[in-house]
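The structure under discussion appears below in the form of structure tokens.
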Amino acid sequence: MKNKELGFATKAIHLGQEPDPLTGAVTVPIYATSTYVQEEIGKHKGYEYSRVSNPTRTRLEQNLAALEGGASAHVFASGMAAITAVTQCFLKQGDHLLCSHNAYGGTPRMFDHVLAKFGVETTYVDTSDLSAVKKALRKNTPIVWVETPTNPLMMLTDIREVSRIVHAGDAELVIDNTFMSPYFQRPLELGADMVMHSTTKFLNGHSDGLGGVIVGSKPHHAEQLAFNQKAVGAILSPFECWLLLRGVKTLAVRMEQHDKNGRTVATFLQKHPKIKTVMYPGLPEHPHHELAKRQMSGFGAMITFDVGTFDNAQKMLRKVRICSLGESLGGVETLITHPSTMTHAALGEEGRKKIGLLDSMVRLCVGVEDVEDLIADLDQALAAI
Ligand SMILES: Cc1ncc(COP(=O)(O)O)c(C=O)c1O
């Protein structure tokens with residue numbers, strides 16, 4: 001059977017995850033080694049030094065490339081390290097980078113405070129507005145960076161349409177697919193050139209390791225990113241590669257449950273009298289609901305809602321018991337976050353105002369617990385308002 005005929009869950013469990021040829025171990029071994037013995041100068045088994053390549057990492061990269069339907073995957077020490085690698089590989093001094101105007105706060109922080117020092121200017125547009133993207137593209141724009149849905153406002157960009165606009169020139173489109181995972185959204189099939197994930201989130205799924213991946217579709221992506229791993233060295237450790245290989249095996253079942261619980265909790269929140277607005281692409285009232293139905297095969301676990309005031313947010317967040325207050329998302333446990341003081345603090349008040357992120361907004365990543373317990377917890381916490 002050819003790999004592309006296999007279903008998603010089968011690929012997640014078996015591709016790159018083949019039993020160890022030496023012992024038959026069903027899980028990929030953790031190759032905790034920095035170097036490899038060579039038989040003679042230049043004669044080895046394909047591995048020379050673990051910054052360059054490591055067998056556990058190779059297996060993970062094969063698995064993630066298959067899940068996204070890409071030609072290659074390269075993993076890095078965190079999502080931010082993966083984003084940085086893209087900028088180092090595909091941008092140079094004097095280039096212009098175009099980025100979604102509401103994205104994970106760390107992304108513009110790096111673009112504006114690190115990348116800018118090397119002479120790359122970043123501008124931000126609402127990439128859900130295709131005419132704005134067209135207008136903002138310049139002759140010196142090699143990369144367009146799109147996050148969809150966005151963190152935390154859950155706005156969508158039409159990947160197929162934006163890729164047409166980006167490809168009218170010489171630019172390439174990168175999609176941050178962290179919120180949906182390859183289970184619900186497949187950007188390369190919609191025309192994107194590269195896909196990025198903070199693997200810290202749904203791909204790992206257990207909140208026990210950081211990581212990032214870039215999945216490429218063309219040979220030059222693989223060449224440049226492999227060179228970057230070797231030259232810069234922000235690679236993922238064998239142990240964290242193994243955690244990801246373990247986590248990814250249950251991605252399909254986890255995403256199904258995240259989605260089921262997400263829809264139920266979003267509906268509960270929407271009916272709750274203390275909540276002003278709920279931003280969840282699965283709700284028919286969401287401005288991009290039709291696009292969400294076309295572009296994604298599920299709506300996922302991420303919900304942002306407005307409780308009216310900062311004080312209300314604080315009161316509610318003090319009371320949650322099963323939902324854990326903290327940064328991050330994508331684990332089996334429900335995490336609840338206050339974006340303006342946590343994930344998006346780096347944007348500053350002005351920056352948050354520009355994208356419409358209010359202090360009264362709370363972000364929820366609905367886990368895979370019993371949904372009745374989550375609703376009861378949210379209900380009692382909202383009673384504090
Ligand atoms: C959408 C998105 N992209 C990128 C990142 C950065 O990833 P990491 O925290 O693994 O560096 C995050 C982190 O929250 C994120 O939510």
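Within each chain, counting starts at residue 1; across the structure tokens, chains are named A, B, ... in the order shown, with ligands numbered 1 upward in that order.
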
Selection near region 376-381 of chain A, 7 Å with only C-alpha atoms, sequence-local residues under 3 positions removed, as a PDB file with N, CA and C atoms, in the first residue's frame:
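Contents of around_28.pdb, freshly written:
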```
ATOM      1  N   MET A 316     -13.097  35.874  37.267  1.00  0.00           N
ATOM      2  CA  MET A 316     -13.411  34.552  36.744  1.00  0.00           C
ATOM      3  C   MET A 316     -12.181  33.640  36.791  1.00  0.00           C
ATOM      4  N   LYS A 319     -11.282  31.879  39.910  1.00  0.00           N
ATOM      5  CA  LYS A 319     -12.220  30.845  40.383  1.00  0.00           C
ATOM      6  C   LYS A 319     -12.128  29.508  39.653  1.00  0.00           C
ATOM      7  N   VAL A 320     -11.487  29.488  38.461  1.00  0.00           N
ATOM      8  CA  VAL A 320     -11.491  28.225  37.718  1.00  0.00           C
ATOM      9  C   VAL A 320     -10.719  27.153  38.490  1.00  0.00           C
ATOM     10  N   ARG A 321     -11.201  25.923  38.406  1.00  0.00           N
ATOM     11  CA  ARG A 321     -10.573  24.830  39.143  1.00  0.00           C
ATOM     12  C   ARG A 321     -10.038  23.743  38.206  1.00  0.00           C
ATOM     13  N   ILE A 322     -10.884  23.278  37.281  1.00  0.00           N
ATOM     14  CA  ILE A 322     -10.417  22.228  36.346  1.00  0.00           C
ATOM     15  C   ILE A 322      -9.650  22.884  35.202  1.00  0.00           C
ATOM     16  N   GLU A 372     -18.871  17.872  30.477  1.00  0.00           N
ATOM     17  CA  GLU A 372     -19.814  18.323  31.520  1.00  0.00           C
ATOM     18  C   GLU A 372     -19.024  18.949  32.682  1.00  0.00           C
ATOM     19  N   ASP A 373     -17.880  18.361  32.992  1.00  0.00           N
ATOM     20  CA  ASP A 373     -17.060  18.899  34.091  1.00  0.00           C
ATOM     21  C   ASP A 373     -16.494  20.265  33.729  1.00  0.00           C
ATOM     22  N   ALA A 384     -18.818  34.220  39.551  1.00  0.00           N
ATOM     23  CA  ALA A 384     -18.078  35.188  40.372  1.00  0.00           C
ATOM     24  C   ALA A 384     -18.140  36.609  39.799  1.00  0.00           C
TER      25      ALA A 384
END
```

Set the cut-off to 6 Å, count only C-alpha atoms and all ligand atoms, and list whatever residues fall near ligand 1 as a list in words.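 What falls inside 6 Å of ligand 1 is Ser78, Gly79, Met80, Tyr104, Asn151, Thr178, Ser198, Thr200, Leu210, Gly211, Gly212 and Ser328 of chain A.
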
N, CA, C and O atoms of the current selection, written as a compact mmCIF listing (two decimals), in the first residue's frame:
```txt
# COMPACT_ATOMS: atom_id res chain seq x y z
N SER A 78 12.06 25.13 19.51
CA SER A 78 10.77 25.69 19.92
C SER A 78 10.10 26.22 18.66
O SER A 78 10.73 26.29 17.59
N GLY A 79 8.85 26.62 18.80
CA GLY A 79 8.17 27.24 17.66
C GLY A 79 8.90 28.49 17.22
O GLY A 79 9.09 28.74 16.02
N MET A 80 9.35 29.29 18.20
CA MET A 80 10.06 30.54 17.85
C MET A 80 11.38 30.24 17.14
O MET A 80 11.77 30.97 16.23
N TYR A 104 0.31 35.23 17.05
CA TYR A 104 0.89 34.98 18.38
C TYR A 104 1.89 36.11 18.69
O TYR A 104 2.73 36.44 17.84
N ASN A 151 -4.13 33.80 16.72
CA ASN A 151 -4.05 33.71 18.17
C ASN A 151 -4.07 35.14 18.72
O ASN A 151 -3.14 35.89 18.41
N THR A 178 -0.43 26.04 13.76
CA THR A 178 -0.40 25.53 15.14
C THR A 178 -1.80 25.25 15.69
O THR A 178 -2.02 24.23 16.35
N SER A 198 4.17 25.37 16.14
CA SER A 198 4.75 25.22 17.46
C SER A 198 4.32 23.82 17.86
O SER A 198 3.16 23.57 18.19
N THR A 200 5.02 22.37 20.37
CA THR A 200 4.72 22.45 21.81
C THR A 200 3.22 22.20 22.06
O THR A 200 2.85 21.77 23.15
N LEU A 210 8.82 21.41 24.49
CA LEU A 210 8.72 22.47 23.49
C LEU A 210 9.26 21.99 22.15
O LEU A 210 10.01 21.01 22.10
N GLY A 211 8.89 22.66 21.09
CA GLY A 211 9.43 22.30 19.79
C GLY A 211 8.78 23.10 18.69
O GLY A 211 7.75 23.76 18.90
N GLY A 212 9.40 23.07 17.53
CA GLY A 212 8.84 23.74 16.36
C GLY A 212 9.22 22.97 15.12
O GLY A 212 10.24 22.27 15.10
N SER A 328 0.14 28.84 26.95
CA SER A 328 0.20 27.66 26.08
C SER A 328 -1.19 27.06 25.83
O SER A 328 -2.22 27.59 26.29
```

Could the residues of region 158-253 of chain A that have an atom at most 9 Å from region 81-85 of chain A be listed as a tab-separated table, each with its closest atom pair and the distance in Å to one decimal, counting only C-alpha atoms and ordered by chain and ascending residue number?
```
residue	atom	partner	partner_atom	distance
A:Met196	CA	A:Ala82	CA	7.3
A:His197	CA	A:Ala82	CA	8.1
A:Ser198	CA	A:Ala82	CA	7.9
A:Gly211	CA	A:Ala82	CA	8.1
A:Gly212	CA	A:Ala82	CA	5.2
A:Val213	CA	A:Ala82	CA	5.8
A:Ile214	CA	A:Ala82	CA	6.3
A:Leu225	CA	A:Ala85	CA	7.0
A:Asn228	CA	A:Ala85	CA	6.6
A:Gln229	CA	A:Ala85	CA	8.1
A:Val232	CA	A:Ala85	CA	8.4
A:Ala234	CA	A:Ala81	CA	6.4
A:Ile235	CA	A:Ala81	CA	8.3
```

Quick one: write out the picked residues with all heavy atoms as an mmCIF file, in the first residue's frame?
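In the end it all went to selection.cif:
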```
data_model
loop_
_atom_site.group_PDB
_atom_site.id
_atom_site.type_symbol
_atom_site.label_atom_id
_atom_site.label_comp_id
_atom_site.auth_asym_id
_atom_site.auth_seq_id
_atom_site.Cartn_x
_atom_site.Cartn_y
_atom_site.Cartn_z
ATOM 1 N N MET A 196 4.344 25.962 9.282
ATOM 2 C CA MET A 196 5.066 26.010 10.551
ATOM 3 C C MET A 196 4.121 25.582 11.678
ATOM 4 O O MET A 196 2.914 25.854 11.635
ATOM 5 C CB MET A 196 5.538 27.455 10.788
ATOM 6 C CG MET A 196 6.242 27.696 12.091
ATOM 7 S SD MET A 196 5.076 28.337 13.309
ATOM 8 C CE MET A 196 5.919 27.903 14.807
ATOM 9 N N HIS A 197 4.680 24.879 12.675
ATOM 10 C CA HIS A 197 3.934 24.562 13.897
ATOM 11 C C HIS A 197 4.796 24.853 15.104
ATOM 12 O O HIS A 197 5.987 24.540 15.096
ATOM 13 C CB HIS A 197 3.620 23.063 14.007
ATOM 14 C CG HIS A 197 2.561 22.597 13.089
ATOM 15 N ND1 HIS A 197 1.236 22.652 13.411
ATOM 16 C CD2 HIS A 197 2.643 22.066 11.845
ATOM 17 C CE1 HIS A 197 0.533 22.158 12.398
ATOM 18 N NE2 HIS A 197 1.351 21.804 11.432
ATOM 19 N N SER A 198 4.171 25.366 16.144
ATOM 20 C CA SER A 198 4.755 25.221 17.457
ATOM 21 C C SER A 198 4.320 23.816 17.858
ATOM 22 O O SER A 198 3.156 23.574 18.189
ATOM 23 C CB SER A 198 4.186 26.267 18.426
ATOM 24 O OG SER A 198 4.482 25.871 19.752
ATOM 25 N N GLY A 211 8.886 22.658 21.095
ATOM 26 C CA GLY A 211 9.432 22.304 19.792
ATOM 27 C C GLY A 211 8.784 23.104 18.686
ATOM 28 O O GLY A 211 7.751 23.762 18.899
ATOM 29 N N GLY A 212 9.401 23.067 17.530
ATOM 30 C CA GLY A 212 8.840 23.738 16.361
ATOM 31 C C GLY A 212 9.222 22.973 15.116
ATOM 32 O O GLY A 212 10.240 22.270 15.101
ATOM 33 N N VAL A 213 8.396 23.070 14.087
ATOM 34 C CA VAL A 213 8.719 22.385 12.833
ATOM 35 C C VAL A 213 8.398 23.282 11.650
ATOM 36 O O VAL A 213 7.455 24.081 11.703
ATOM 37 C CB VAL A 213 7.951 21.043 12.707
ATOM 38 C CG1 VAL A 213 6.438 21.236 12.604
ATOM 39 C CG2 VAL A 213 8.439 20.224 11.519
ATOM 40 N N ILE A 214 9.206 23.139 10.608
ATOM 41 C CA ILE A 214 8.887 23.744 9.314
ATOM 42 C C ILE A 214 8.753 22.594 8.326
ATOM 43 O O ILE A 214 9.691 21.802 8.152
ATOM 44 C CB ILE A 214 9.995 24.712 8.820
ATOM 45 C CG1 ILE A 214 10.293 25.804 9.862
ATOM 46 C CG2 ILE A 214 9.606 25.331 7.476
ATOM 47 C CD1 ILE A 214 9.155 26.733 10.192
ATOM 48 N N LEU A 225 16.883 24.558 5.152
ATOM 49 C CA LEU A 225 16.545 24.322 6.561
ATOM 50 C C LEU A 225 17.486 23.304 7.194
ATOM 51 O O LEU A 225 17.863 23.444 8.361
ATOM 52 C CB LEU A 225 15.075 23.902 6.695
ATOM 53 C CG LEU A 225 14.100 25.059 6.409
ATOM 54 C CD1 LEU A 225 12.718 24.550 6.026
ATOM 55 C CD2 LEU A 225 14.007 26.015 7.607
ATOM 56 N N ASN A 228 20.508 25.179 7.905
ATOM 57 C CA ASN A 228 20.305 26.018 9.079
ATOM 58 C C ASN A 228 20.451 25.218 10.371
ATOM 59 O O ASN A 228 21.065 25.682 11.338
ATOM 60 C CB ASN A 228 18.922 26.684 9.011
ATOM 61 C CG ASN A 228 18.722 27.687 10.125
ATOM 62 O OD1 ASN A 228 18.311 27.325 11.214
ATOM 63 N ND2 ASN A 228 19.059 28.940 9.863
ATOM 64 N N GLN A 229 19.904 23.997 10.394
ATOM 65 C CA GLN A 229 20.058 23.156 11.599
ATOM 66 C C GLN A 229 21.538 22.954 11.906
ATOM 67 O O GLN A 229 21.974 23.039 13.046
ATOM 68 C CB GLN A 229 19.397 21.788 11.380
ATOM 69 C CG GLN A 229 17.883 21.825 11.412
ATOM 70 C CD GLN A 229 17.279 20.443 11.230
ATOM 71 O OE1 GLN A 229 17.827 19.603 10.513
ATOM 72 N NE2 GLN A 229 16.149 20.199 11.856
ATOM 73 N N VAL A 232 23.308 26.811 12.441
ATOM 74 C CA VAL A 232 22.847 27.618 13.570
ATOM 75 C C VAL A 232 22.684 26.748 14.819
ATOM 76 O O VAL A 232 23.032 27.163 15.921
ATOM 77 C CB VAL A 232 21.537 28.369 13.212
ATOM 78 C CG1 VAL A 232 21.028 29.182 14.389
ATOM 79 C CG2 VAL A 232 21.762 29.272 11.989
ATOM 80 N N ALA A 234 19.869 25.332 16.375
ATOM 81 C CA ALA A 234 18.721 25.411 17.312
ATOM 82 C C ALA A 234 17.813 24.190 17.153
ATOM 83 O O ALA A 234 16.599 24.301 17.011
ATOM 84 C CB ALA A 234 17.941 26.703 17.065
ATOM 85 N N ILE A 235 18.435 23.023 17.189
ATOM 86 C CA ILE A 235 17.712 21.774 16.887
ATOM 87 C C ILE A 235 16.970 21.222 18.117
ATOM 88 O O ILE A 235 17.212 21.641 19.241
ATOM 89 C CB ILE A 235 18.682 20.698 16.351
ATOM 90 C CG1 ILE A 235 19.995 20.686 17.140
ATOM 91 C CG2 ILE A 235 18.999 20.949 14.890
ATOM 92 C CD1 ILE A 235 20.150 19.708 18.173
#
```

Near-Ile159 (chain A) list (12 Å; only C-alpha atoms; drop same-chain fewer than 3 positions) as an MDAnalysis selection string: chainID A and resid 127:130 133 144:149 156 162:167 173:177 185:195 291:292 294:296

Using only C-alpha atoms, which residue out of A:Ile143, A:Lys249, A:Gly42, A:Thr58 lies closest to Thr87 (chain A)? A:Ile143

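Proximity to Phe184 (chain A) was assessed for A:Leu64, A:His258, A:Lys271, A:Lys353 counting only C-alpha atoms; the smallest distance is recorded for A:His258.
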
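Between CA of Leu364 (chain A) and CA of Thr304 (chain A) the interatomic distance comes to 6.1 Å.
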
Please, which residues of region 96-288 of chain A, numbered as in this document, come out strand (DSSP E) from DSSP, as JSON, numbers by chain? {"A": [96, 97, 98, 99, 100, 121, 122, 123, 124, 125, 143, 144, 145, 146, 147, 172, 173, 174, 175, 176, 194, 195, 196, 197, 198, 212, 213, 214, 215, 216, 277, 278, 279]}

So, with only C-alpha atoms as the atoms that count, which of A:Leu325, A:Val366, A:Ala383, A:Leu6 lies closest to Asn312 (chain A)?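 For Asn312 (chain A), the nearest of the candidates is A:Ala383.
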
Which one is closest to Pro152 (chain A): A:Gly247, A:Pro284, A:Gly205, A:Gly105? Count only C-alpha atoms.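 Of the candidates, the smallest distance to Pro152 (chain A) is held by A:Gly105.
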
Kindly provide the residues of region 123-190 of chain A that approach region 90-98 of chain A to within 8 Å, each paired with its closest atom pair and their distance in Å to one decimal, based on only C-alpha atoms, listed by chain and increasing number, as a Markdown table.
```
| residue | atom | partner | partner_atom | distance |
| --- | --- | --- | --- | --- |
| A:Thr123 | CA | A:Leu98 | CA | 5.2 |
| A:Tyr124 | CA | A:Leu98 | CA | 6.0 |
| A:Val125 | CA | A:Leu98 | CA | 7.4 |
| A:Ala136 | CA | A:Leu98 | CA | 7.4 |
| A:Leu137 | CA | A:Leu98 | CA | 7.1 |
| A:Arg138 | CA | A:His96 | CA | 7.3 |
| A:Asn140 | CA | A:Asp95 | CA | 5.2 |
| A:Thr141 | CA | A:His96 | CA | 4.7 |
| A:Pro142 | CA | A:Leu91 | CA | 6.9 |
| A:Ile143 | CA | A:Leu97 | CA | 5.7 |
| A:Val144 | CA | A:Leu98 | CA | 4.8 |
| A:Trp145 | CA | A:Leu98 | CA | 6.1 |
```

Could you name the residues that touch Met255 (chain A) at 9 Å or less, counting only C-alpha atoms, but leaving out those on the same chain fewer than 4 positions away, as a CSV table (one decimal) with all heavy atoms, in the first residue's frame?
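And here is the file that came out, result15.csv:
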```csv
chain,number,residue,atom,x,y,z
A,180,MET,N,-4.7,24.5,14.3
A,180,MET,CA,-5.5,23.5,13.7
A,180,MET,C,-4.9,22.1,13.7
A,180,MET,O,-5.5,21.1,13.6
A,180,MET,CB,-5.9,23.9,12.3
A,180,MET,CG,-7.0,24.9,12.2
A,180,MET,SD,-8.5,24.2,13.0
A,180,MET,CE,-8.7,25.3,14.4
A,181,SER,N,-3.5,22.1,13.6
A,181,SER,CA,-2.8,20.9,13.4
A,181,SER,C,-3.1,20.3,12.0
A,181,SER,O,-4.1,20.7,11.4
A,181,SER,CB,-3.1,19.8,14.4
A,181,SER,OG,-4.2,19.0,14.0
A,183,TYR,N,-4.3,17.7,11.2
A,183,TYR,CA,-5.5,16.9,11.2
A,183,TYR,C,-6.7,17.7,10.7
A,183,TYR,O,-7.6,17.1,10.0
A,183,TYR,CB,-5.8,16.4,12.7
A,183,TYR,CG,-6.9,15.4,12.7
A,183,TYR,CD1,-6.8,14.1,12.1
A,183,TYR,CD2,-8.2,15.8,13.2
A,183,TYR,CE1,-7.9,13.2,12.1
A,183,TYR,CE2,-9.2,14.9,13.2
A,183,TYR,CZ,-9.1,13.6,12.7
A,183,TYR,OH,-10.1,12.7,12.7
A,184,PHE,N,-6.8,19.0,11.0
A,184,PHE,CA,-7.9,19.8,10.6
A,184,PHE,C,-7.6,20.7,9.5
A,184,PHE,O,-8.6,21.3,8.9
A,184,PHE,CB,-8.5,20.6,11.8
A,184,PHE,CG,-9.3,19.8,12.7
A,184,PHE,CD1,-9.2,20.0,14.1
A,184,PHE,CD2,-10.2,18.8,12.3
A,184,PHE,CE1,-9.9,19.2,15.0
A,184,PHE,CE2,-10.9,18.0,13.2
A,184,PHE,CZ,-10.8,18.3,14.5
A,202,PHE,N,-0.6,21.2,19.9
A,202,PHE,CA,-1.4,19.9,19.7
A,202,PHE,C,-0.5,18.8,19.2
A,202,PHE,O,-0.8,17.6,19.5
A,202,PHE,CB,-2.5,20.2,18.6
A,202,PHE,CG,-3.5,21.1,19.2
A,202,PHE,CD1,-3.6,22.5,18.8
A,202,PHE,CD2,-4.5,20.7,20.1
A,202,PHE,CE1,-4.5,23.3,19.3
A,202,PHE,CE2,-5.5,21.5,20.6
A,202,PHE,CZ,-5.5,22.9,20.2
A,250,THR,N,-1.4,9.8,18.9
A,250,THR,CA,-2.8,10.0,19.3
A,250,THR,C,-3.4,11.3,18.8
A,250,THR,O,-4.5,11.7,19.2
A,250,THR,CB,-3.0,10.0,20.8
A,250,THR,OG1,-2.1,11.0,21.4
A,250,THR,CG2,-2.6,8.6,21.4
A,251,LEU,N,-2.7,11.9,17.8
A,251,LEU,CA,-3.2,13.2,17.4
A,251,LEU,C,-4.7,13.2,16.8
A,251,LEU,O,-5.5,14.0,17.2
A,251,LEU,CB,-2.3,13.8,16.3
A,251,LEU,CG,-2.6,15.2,15.7
A,251,LEU,CD1,-2.5,16.2,16.8
A,251,LEU,CD2,-1.7,15.6,14.6
A,259,ASP,N,-12.2,18.9,19.4
A,259,ASP,CA,-13.2,19.6,18.5
A,259,ASP,C,-14.6,19.4,19.1
A,259,ASP,O,-15.4,20.3,19.1
A,259,ASP,CB,-13.1,18.9,17.1
A,259,ASP,CG,-14.0,19.6,16.1
A,259,ASP,OD1,-13.9,20.8,15.8
A,259,ASP,OD2,-15.0,18.9,15.6
A,260,LYS,N,-14.9,18.2,19.5
A,260,LYS,CA,-16.3,17.9,20.0
A,260,LYS,C,-16.5,18.7,21.3
A,260,LYS,O,-17.5,19.4,21.4
A,260,LYS,CB,-16.3,16.4,20.4
A,260,LYS,CG,-17.6,15.7,20.3
A,260,LYS,CD,-17.5,14.2,20.4
A,260,LYS,CE,-18.6,13.6,21.2
A,260,LYS,NZ,-18.3,12.4,21.8
A,298,GLY,N,-12.4,20.6,10.8
A,298,GLY,CA,-13.0,20.7,12.1
A,298,GLY,C,-12.8,22.1,12.6
A,298,GLY,O,-12.1,22.9,11.9
A,300,GLY,N,-11.9,22.8,16.0
A,300,GLY,CA,-10.9,22.8,17.0
A,300,GLY,C,-11.3,23.2,18.4
A,300,GLY,O,-12.5,23.3,18.7
A,301,ALA,N,-10.2,23.5,19.2
A,301,ALA,CA,-10.4,23.7,20.6
A,301,ALA,C,-10.3,25.1,21.1
A,301,ALA,O,-10.5,25.4,22.3
A,301,ALA,CB,-9.3,22.8,21.3
A,368,VAL,N,-9.5,17.5,26.7
A,368,VAL,CA,-10.2,16.3,26.3
A,368,VAL,C,-10.9,15.7,27.6
A,368,VAL,O,-11.2,14.5,27.6
A,368,VAL,CB,-9.4,15.3,25.5
A,368,VAL,CG1,-8.8,15.9,24.3
A,368,VAL,CG2,-8.2,14.8,26.4
```
